[in-house]
Structures are given as structure tokens and as C-alpha cells.
Amino acid sequence: MRLSNPAGDVKSADLELVERIRAGDGAAFESLYRQHATRLYNLASRMSGARGEADDLLQDIFLLAYRKIGSFRGDSSLGTWLYRLAMNHCLDVLRNRQTRMGRQTDSLDEPDAMPATAPAPALGAVSRIDLERAIESLPPACRAAFLLHDVEGFGHQEVGAMLGVTDGTSKSQVHKARMRIRGYLGSRT
């Protein structure tokens with residue numbers, strides 16, 4: 001009698017799906033897309049701040065996944081691998097955009113950019129649009145750490161692994177993001 005191992009079953013299913021994709025099975029890739037597209041689209045949408053751009057990012061993410069599926073080793077779940085691939089791609093796009101725009105967001109790093117005594121508004125008083133704008137104004141690294149930790153609910157160790165930084169750096173980035181968001185929202189009231 002064999003005991004069931006749900007984690008092993010998921011890992012086996014991931015590896016089987018990857019092998020089918022590597023062998024050129026279009027239905028397997030479609031299954032991968034259906035399983036993960038919504039979550040990755042939401043990530044791309046939050047990272048880019050624009051729904052139209054999220055469509056393009058999602059397409060790019062799955063093209064990257066198709067090209068890089070051979071590098072999936074099974075060390076983590078397929079979903080985690082895809083999420084990290086998506087996060088890295090979104091960060092690359094944001095960094096490139098930031099470079100092209102002449103690093104306009106660097107002004108957030110200046111101490112004068114945040115009011116020191118601005119009270120944090122009540123969450124109910126903050127409009128969704130203002131909150132989205134505040135998140136969009138964050139530098140890419142802070143935005144990524146904030147979204148992964150505070151929005152997606154990953155722990156700092158997981159965020160660090162996904163972004164290739166230490167968990168201490170993750171904590172620092174999330175803290176900076178929260179302070180900048182508070183400053184941004186405080187200046188709106």
C-alpha cells in the first residue's frame with residue numbers, strides 16, 4: 001500500500017507537463033497557459049500599471065516560458081518558476097522604461113520628496129486610483145518586493161528567492177515602498 005504525497009504528485013505532474021511541452025505537445029502548453037495565465041496577468045497588470053501593457057507582458061512571459069522551459073529543473077513548483085520568470089521579465093521592462101525616461105522616478109529617493117510629518121490617511125479615504133498611482137511611482141525593486149509581499153502574501157524569504165536578493169533586502173524594500181506610498185498618499189490629502 002502506497003501513501004499519497006500531494007507535494008510529490010504536484011511535482012510529478014509539473015515534470016510530466018514540462019516533458020510534454022518539450023516534446024512539442026501544444027495541448028500541454030495550452031494547459032500550462034490556462035493554469036497560470038490569470039495570476040501572471042494580474043502580476044503584469046500591477047507591475048506595469050496599465051491593462052493594455054499587461055496583455056503584451058503576458059504574451060511575452062509565455063513566449064519566454066516556451067523558450068526557457070528546457071531550463072526548468074523541478075527544484076520548485078512550475079507555478080513558482082513561472083512567477084519568478086514573469087517577475088524578472090516585468091522588472092526588466094520597468095528598468096528599461098525607467099532608463100529611457102531619464103530616471104524620473106529617482107526624485108522619490110530625495111528626502112524632500114516625502115513629507116516628514118504627513119499623517120497617513122485612513123485606508124477608506126484612499127481611492128483605488130491614488131493607491132495604484134502610488135504603487136506605480138515606486139522604483140521597480142521596491143514595487144516588486146511590495147507587490148510580492150503585501151499584495152501576493154509571500155514571505156520575505158520567498159520574495160528574496162524570487163527577486164534574487166536576501167530576505168533582509170526584501171524587508172528593506174517593502175519598508176521603503178510602504179513609506180513612499182504613505183508619503184505619496186499623504187501629499188494627496
# chains A, B, ... in the order shown; residues from 1 in each chain; ligands from 1
>>> residues_around(residues="A:Ala28", least_positions_apart="6", cutoff="8 Å", atoms="only C-alpha atoms", output="mmCIF file with N, CA and C atoms, in the first residue's frame")
data_model
loop_
_atom_site.group_PDB
_atom_site.id
_atom_site.type_symbol
_atom_site.label_atom_id
_atom_site.label_comp_id
_atom_site.auth_asym_id
_atom_site.auth_seq_id
_atom_site.Cartn_x
_atom_site.Cartn_y
_atom_site.Cartn_z
ATOM 1 N N LEU A 17 4.145 17.536 -17.319
ATOM 2 C CA LEU A 17 3.666 18.601 -18.198
ATOM 3 C C LEU A 17 4.837 19.238 -18.949
ATOM 4 N N VAL A 18 5.925 19.482 -18.249
ATOM 5 C CA VAL A 18 7.113 20.077 -18.876
ATOM 6 C C VAL A 18 7.664 19.148 -19.958
ATOM 7 N N ARG A 20 6.035 16.980 -21.717
ATOM 8 C CA ARG A 20 5.108 17.019 -22.861
ATOM 9 C C ARG A 20 5.314 18.296 -23.675
ATOM 10 N N ILE A 21 5.528 19.423 -22.999
ATOM 11 C CA ILE A 21 5.773 20.691 -23.709
ATOM 12 C C ILE A 21 7.082 20.599 -24.485
#
>>> residues_around(residues="A:Asn88", least_positions_apart="6", cutoff="12 Å", atoms="only C-alpha atoms", output="PyMOL selection string")
chain A and resi 40+43-44+47+57+60-61+64-65+81-82+94-95+140-141+144-145+159+161-164
>>> write_last_selection(atoms="C-alpha atoms", output="mmCIF file, in the first residue's frame")
data_model
loop_
_atom_site.group_PDB
_atom_site.id
_atom_site.type_symbol
_atom_site.label_atom_id
_atom_site.label_comp_id
_atom_site.auth_asym_id
_atom_site.auth_seq_id
_atom_site.Cartn_x
_atom_site.Cartn_y
_atom_site.Cartn_z
ATOM 1 C CA LEU A 40 0.521 36.110 -14.211
ATOM 2 C CA LEU A 43 1.074 40.385 -11.689
ATOM 3 C CA ALA A 44 1.879 42.019 -15.051
ATOM 4 C CA MET A 47 3.742 45.781 -12.188
ATOM 5 C CA LEU A 57 3.662 41.410 -20.983
ATOM 6 C CA ASP A 60 5.981 37.959 -23.691
ATOM 7 C CA ILE A 61 6.032 35.945 -20.454
ATOM 8 C CA LEU A 64 9.792 33.331 -22.635
ATOM 9 C CA ALA A 65 8.378 30.332 -20.785
ATOM 10 C CA TRP A 81 9.223 29.037 -11.680
ATOM 11 C CA LEU A 82 6.747 30.820 -13.975
ATOM 12 C CA LEU A 94 10.318 48.527 -15.928
ATOM 13 C CA ARG A 95 14.071 49.075 -15.665
ATOM 14 C CA PRO A 140 10.978 48.721 -9.757
ATOM 15 C CA ALA A 141 12.754 46.873 -6.933
ATOM 16 C CA ALA A 144 8.281 44.179 -6.893
ATOM 17 C CA ALA A 145 9.043 43.453 -3.243
ATOM 18 C CA VAL A 159 10.338 37.256 -2.044
ATOM 19 C CA ALA A 161 14.374 33.990 -3.579
ATOM 20 C CA MET A 162 12.124 35.236 -6.389
ATOM 21 C CA LEU A 163 13.986 38.516 -6.768
ATOM 22 C CA GLY A 164 17.453 37.112 -6.168
#
>>> atom_distance(atom1="atom CA of A:Gln59", atom2="atom CA of A:Ala27")
17.1 Å
>>> closest_residue(among="A:Leu78, A:Ala37, A:Met179, A:Ile69", to="A:Ile135", atoms="only C-alpha atoms")
A:Met179
>>> residues_around(residues="A:His36", least_positions_apart="2", cutoff="10 Å", atoms="only C-alpha atoms", output="PyMOL selection string")
chain A and resi 31-34+38-41+62+78-79+82-83
>>> write_last_selection(atoms="all heavy atoms", output="mmCIF file, in the first residue's frame")
data_model
loop_
_atom_site.group_PDB
_atom_site.id
_atom_site.type_symbol
_atom_site.label_atom_id
_atom_site.label_comp_id
_atom_site.auth_asym_id
_atom_site.auth_seq_id
_atom_site.Cartn_x
_atom_site.Cartn_y
_atom_site.Cartn_z
ATOM 1 N N SER A 31 -2.531 23.900 -21.569
ATOM 2 C CA SER A 31 -2.875 23.585 -20.187
ATOM 3 C C SER A 31 -2.059 24.451 -19.224
ATOM 4 O O SER A 31 -2.600 24.982 -18.247
ATOM 5 C CB SER A 31 -2.613 22.105 -19.919
ATOM 6 O OG SER A 31 -2.836 21.805 -18.567
ATOM 7 N N LEU A 32 -0.783 24.604 -19.499
ATOM 8 C CA LEU A 32 0.078 25.465 -18.696
ATOM 9 C C LEU A 32 -0.468 26.893 -18.695
ATOM 10 O O LEU A 32 -0.576 27.536 -17.647
ATOM 11 C CB LEU A 32 1.510 25.445 -19.250
ATOM 12 C CG LEU A 32 2.511 26.363 -18.572
ATOM 13 C CD1 LEU A 32 2.943 25.770 -17.242
ATOM 14 C CD2 LEU A 32 3.709 26.589 -19.473
ATOM 15 N N TYR A 33 -0.835 27.373 -19.868
ATOM 16 C CA TYR A 33 -1.371 28.724 -20.007
ATOM 17 C C TYR A 33 -2.650 28.881 -19.184
ATOM 18 O O TYR A 33 -2.797 29.832 -18.425
ATOM 19 C CB TYR A 33 -1.642 29.038 -21.478
ATOM 20 C CG TYR A 33 -2.193 30.427 -21.697
ATOM 21 C CD1 TYR A 33 -1.341 31.504 -21.841
ATOM 22 C CD2 TYR A 33 -3.568 30.649 -21.734
ATOM 23 C CE1 TYR A 33 -1.841 32.786 -22.018
ATOM 24 C CE2 TYR A 33 -4.083 31.918 -21.913
ATOM 25 C CZ TYR A 33 -3.217 32.980 -22.058
ATOM 26 O OH TYR A 33 -3.714 34.251 -22.222
ATOM 27 N N ARG A 34 -3.560 27.949 -19.330
ATOM 28 C CA ARG A 34 -4.848 28.034 -18.618
ATOM 29 C C ARG A 34 -4.665 27.994 -17.099
ATOM 30 O O ARG A 34 -5.385 28.656 -16.365
ATOM 31 C CB ARG A 34 -5.777 26.914 -19.060
ATOM 32 C CG ARG A 34 -6.287 27.106 -20.470
ATOM 33 C CD ARG A 34 -7.287 26.007 -20.846
ATOM 34 N NE ARG A 34 -7.602 26.043 -22.253
ATOM 35 C CZ ARG A 34 -8.528 26.827 -22.786
ATOM 36 N NH1 ARG A 34 -9.203 27.657 -22.031
ATOM 37 N NH2 ARG A 34 -8.764 26.791 -24.091
ATOM 38 N N THR A 38 -4.112 33.746 -15.493
ATOM 39 C CA THR A 38 -4.799 34.764 -14.701
ATOM 40 C C THR A 38 -3.879 35.367 -13.645
ATOM 41 O O THR A 38 -3.787 36.589 -13.514
ATOM 42 C CB THR A 38 -6.053 34.169 -14.018
ATOM 43 O OG1 THR A 38 -6.918 33.675 -15.041
ATOM 44 C CG2 THR A 38 -6.785 35.211 -13.194
ATOM 45 N N ARG A 39 -3.178 34.516 -12.934
ATOM 46 C CA ARG A 39 -2.276 35.007 -11.880
ATOM 47 C C ARG A 39 -1.133 35.834 -12.479
ATOM 48 O O ARG A 39 -0.771 36.885 -11.943
ATOM 49 C CB ARG A 39 -1.723 33.822 -11.094
ATOM 50 C CG ARG A 39 -0.931 34.223 -9.894
ATOM 51 C CD ARG A 39 -0.666 33.028 -9.017
ATOM 52 N NE ARG A 39 0.023 33.458 -7.816
ATOM 53 C CZ ARG A 39 1.030 32.804 -7.279
ATOM 54 N NH1 ARG A 39 1.428 31.673 -7.796
ATOM 55 N NH2 ARG A 39 1.623 33.250 -6.200
ATOM 56 N N LEU A 40 -0.578 35.377 -13.588
ATOM 57 C CA LEU A 40 0.521 36.110 -14.211
ATOM 58 C C LEU A 40 0.030 37.413 -14.840
ATOM 59 O O LEU A 40 0.743 38.418 -14.832
ATOM 60 C CB LEU A 40 1.218 35.227 -15.251
ATOM 61 C CG LEU A 40 1.905 33.982 -14.679
ATOM 62 C CD1 LEU A 40 2.540 33.167 -15.792
ATOM 63 C CD2 LEU A 40 2.927 34.342 -13.612
ATOM 64 N N TYR A 41 -1.186 37.404 -15.375
ATOM 65 C CA TYR A 41 -1.755 38.647 -15.926
ATOM 66 C C TYR A 41 -1.932 39.677 -14.805
ATOM 67 O O TYR A 41 -1.609 40.856 -14.986
ATOM 68 C CB TYR A 41 -3.105 38.372 -16.607
ATOM 69 C CG TYR A 41 -3.749 39.645 -17.112
ATOM 70 C CD1 TYR A 41 -3.376 40.190 -18.334
ATOM 71 C CD2 TYR A 41 -4.705 40.311 -16.354
ATOM 72 C CE1 TYR A 41 -3.945 41.358 -18.790
ATOM 73 C CE2 TYR A 41 -5.278 41.481 -16.798
ATOM 74 C CZ TYR A 41 -4.898 42.010 -18.021
ATOM 75 O OH TYR A 41 -5.453 43.176 -18.464
ATOM 76 N N PHE A 62 4.762 34.241 -21.644
ATOM 77 C CA PHE A 62 4.551 32.870 -22.103
ATOM 78 C C PHE A 62 5.480 32.511 -23.271
ATOM 79 O O PHE A 62 5.869 31.349 -23.406
ATOM 80 C CB PHE A 62 3.075 32.609 -22.429
ATOM 81 C CG PHE A 62 2.307 32.240 -21.189
ATOM 82 C CD1 PHE A 62 1.531 33.174 -20.530
ATOM 83 C CD2 PHE A 62 2.397 30.966 -20.656
ATOM 84 C CE1 PHE A 62 0.842 32.842 -19.372
ATOM 85 C CE2 PHE A 62 1.732 30.618 -19.498
ATOM 86 C CZ PHE A 62 0.946 31.566 -18.851
ATOM 87 N N LEU A 78 6.282 24.364 -10.782
ATOM 88 C CA LEU A 78 6.226 25.023 -12.086
ATOM 89 C C LEU A 78 5.612 26.415 -11.942
ATOM 90 O O LEU A 78 6.057 27.373 -12.587
ATOM 91 C CB LEU A 78 5.428 24.169 -13.077
ATOM 92 C CG LEU A 78 5.400 24.611 -14.527
ATOM 93 C CD1 LEU A 78 6.805 24.801 -15.092
ATOM 94 C CD2 LEU A 78 4.626 23.600 -15.359
ATOM 95 N N GLY A 79 4.617 26.555 -11.069
ATOM 96 C CA GLY A 79 3.993 27.855 -10.836
ATOM 97 C C GLY A 79 4.969 28.863 -10.259
ATOM 98 O O GLY A 79 4.986 30.023 -10.666
ATOM 99 N N LEU A 82 7.394 29.875 -13.057
ATOM 100 C CA LEU A 82 6.747 30.820 -13.975
ATOM 101 C C LEU A 82 6.607 32.197 -13.341
ATOM 102 O O LEU A 82 6.812 33.217 -14.007
ATOM 103 C CB LEU A 82 5.356 30.320 -14.367
ATOM 104 C CG LEU A 82 5.275 29.334 -15.500
ATOM 105 C CD1 LEU A 82 3.855 28.777 -15.610
ATOM 106 C CD2 LEU A 82 5.682 29.974 -16.807
ATOM 107 N N TYR A 83 6.243 32.234 -12.071
ATOM 108 C CA TYR A 83 6.048 33.503 -11.378
ATOM 109 C C TYR A 83 7.363 34.270 -11.304
ATOM 110 O O TYR A 83 7.406 35.476 -11.536
ATOM 111 C CB TYR A 83 5.490 33.246 -9.974
ATOM 112 C CG TYR A 83 4.751 34.431 -9.406
ATOM 113 C CD1 TYR A 83 3.408 34.631 -9.704
ATOM 114 C CD2 TYR A 83 5.379 35.341 -8.582
ATOM 115 C CE1 TYR A 83 2.722 35.713 -9.195
ATOM 116 C CE2 TYR A 83 4.701 36.423 -8.066
ATOM 117 C CZ TYR A 83 3.367 36.604 -8.376
ATOM 118 O OH TYR A 83 2.690 37.681 -7.862
#
>>> closest_residue(among="A:Gly186, A:Asn42, A:Val151, A:Asn96", to="A:Val174", atoms="only C-alpha atoms")
A:Val151
>>> closest_residue(among="A:Ile129, A:Cys142, A:Leu185, A:Gly160", to="A:Gln173", atoms="only C-alpha atoms")
A:Cys142
>>> residues_around(residues="A:Arg73", least_positions_apart="6", cutoff="12 Å", atoms="only C-alpha atoms", output="JSON list (two decimals) with all heavy atoms, in the first residue's frame")
[["chain", "number", "residue", "atom", "x", "y", "z"],
["A", 11, "LYS", "N", 4.62, 17.77, -8.04],
["A", 11, "LYS", "CA", 5.94, 17.83, -8.67],
["A", 11, "LYS", "C", 5.99, 16.87, -9.87],
["A", 11, "LYS", "O", 6.49, 17.22, -10.93],
["A", 11, "LYS", "CB", 7.02, 17.49, -7.66],
["A", 11, "LYS", "CG", 8.40, 17.84, -8.12],
["A", 11, "LYS", "CD", 9.38, 17.74, -6.96],
["A", 11, "LYS", "CE", 10.66, 18.42, -7.34],
["A", 11, "LYS", "NZ", 11.56, 18.59, -6.24],
["A", 12, "SER", "N", 5.44, 15.69, -9.70],
["A", 12, "SER", "CA", 5.40, 14.72, -10.80],
["A", 12, "SER", "C", 4.56, 15.25, -11.95],
["A", 12, "SER", "O", 4.93, 15.12, -13.11],
["A", 12, "SER", "CB", 4.82, 13.39, -10.32],
["A", 12, "SER", "OG", 5.66, 12.80, -9.38],
["A", 14, "ASP", "N", 3.96, 18.41, -12.63],
["A", 14, "ASP", "CA", 4.71, 19.50, -13.25],
["A", 14, "ASP", "C", 5.76, 18.96, -14.21],
["A", 14, "ASP", "O", 5.88, 19.43, -15.35],
["A", 14, "ASP", "CB", 5.41, 20.36, -12.18],
["A", 14, "ASP", "CG", 4.48, 21.30, -11.45],
["A", 14, "ASP", "OD1", 3.31, 21.43, -11.86],
["A", 14, "ASP", "OD2", 4.94, 21.91, -10.45],
["A", 15, "LEU", "N", 6.52, 17.97, -13.75],
["A", 15, "LEU", "CA", 7.58, 17.41, -14.59],
["A", 15, "LEU", "C", 7.01, 16.73, -15.83],
["A", 15, "LEU", "O", 7.57, 16.84, -16.93],
["A", 15, "LEU", "CB", 8.44, 16.44, -13.78],
["A", 15, "LEU", "CG", 9.32, 17.08, -12.70],
["A", 15, "LEU", "CD1", 9.97, 16.01, -11.83],
["A", 15, "LEU", "CD2", 10.36, 17.99, -13.32],
["A", 16, "GLU", "N", 5.88, 16.06, -15.67],
["A", 16, "GLU", "CA", 5.23, 15.40, -16.82],
["A", 16, "GLU", "C", 4.75, 16.45, -17.82],
["A", 16, "GLU", "O", 4.95, 16.29, -19.04],
["A", 16, "GLU", "CB", 4.05, 14.57, -16.34],
["A", 16, "GLU", "CG", 3.32, 13.86, -17.48],
["A", 16, "GLU", "CD", 2.08, 13.13, -17.01],
["A", 16, "GLU", "OE1", 2.08, 12.60, -15.88],
["A", 16, "GLU", "OE2", 1.12, 13.10, -17.79],
["A", 18, "VAL", "N", 5.93, 19.48, -18.25],
["A", 18, "VAL", "CA", 7.11, 20.08, -18.88],
["A", 18, "VAL", "C", 7.66, 19.15, -19.96],
["A", 18, "VAL", "O", 8.02, 19.60, -21.05],
["A", 18, "VAL", "CB", 8.19, 20.40, -17.81],
["A", 18, "VAL", "CG1", 9.53, 20.73, -18.46],
["A", 18, "VAL", "CG2", 7.73, 21.56, -16.94],
["A", 19, "GLU", "N", 7.73, 17.87, -19.69],
["A", 19, "GLU", "CA", 8.22, 16.91, -20.69],
["A", 19, "GLU", "C", 7.33, 16.90, -21.93],
["A", 19, "GLU", "O", 7.83, 16.83, -23.05],
["A", 19, "GLU", "CB", 8.34, 15.51, -20.09],
["A", 19, "GLU", "CG", 9.52, 15.35, -19.15],
["A", 19, "GLU", "CD", 10.85, 15.76, -19.78],
["A", 19, "GLU", "OE1", 11.13, 15.40, -20.94],
["A", 19, "GLU", "OE2", 11.61, 16.49, -19.11],
["A", 80, "THR", "N", 5.80, 28.43, -9.33],
["A", 80, "THR", "CA", 6.81, 29.32, -8.74],
["A", 80, "THR", "C", 7.84, 29.71, -9.80],
["A", 80, "THR", "O", 8.25, 30.87, -9.88],
["A", 80, "THR", "CB", 7.51, 28.63, -7.55],
["A", 80, "THR", "OG1", 6.52, 28.31, -6.57],
["A", 80, "THR", "CG2", 8.58, 29.50, -6.94],
["A", 81, "TRP", "N", 8.26, 28.76, -10.61],
["A", 81, "TRP", "CA", 9.22, 29.04, -11.68],
["A", 81, "TRP", "C", 8.64, 30.07, -12.66],
["A", 81, "TRP", "O", 9.33, 31.02, -13.03],
["A", 81, "TRP", "CB", 9.57, 27.73, -12.39],
["A", 81, "TRP", "CG", 10.55, 27.88, -13.52],
["A", 81, "TRP", "CD1", 11.91, 27.95, -13.43],
["A", 81, "TRP", "CD2", 10.24, 27.96, -14.91],
["A", 81, "TRP", "NE1", 12.46, 28.07, -14.68],
["A", 81, "TRP", "CE2", 11.46, 28.07, -15.61],
["A", 81, "TRP", "CE3", 9.06, 27.93, -15.65],
["A", 81, "TRP", "CZ2", 11.53, 28.18, -16.99],
["A", 81, "TRP", "CZ3", 9.12, 28.03, -17.02],
["A", 81, "TRP", "CH2", 10.34, 28.16, -17.69]]
>>> select_by_dssp(residues="stretch 129-184 of chain A", states="alpha helix (DSSP H)", output="JSON, numbers by chain")
{"A": [129, 130, 131, 132, 133, 134, 135, 136, 140, 141, 142, 143, 144, 145, 146, 156, 157, 158, 159, 160, 161, 162, 163, 167, 168, 169, 170, 171, 172, 173, 174, 175, 176, 177, 178, 179, 180, 181, 182, 183, 184]}
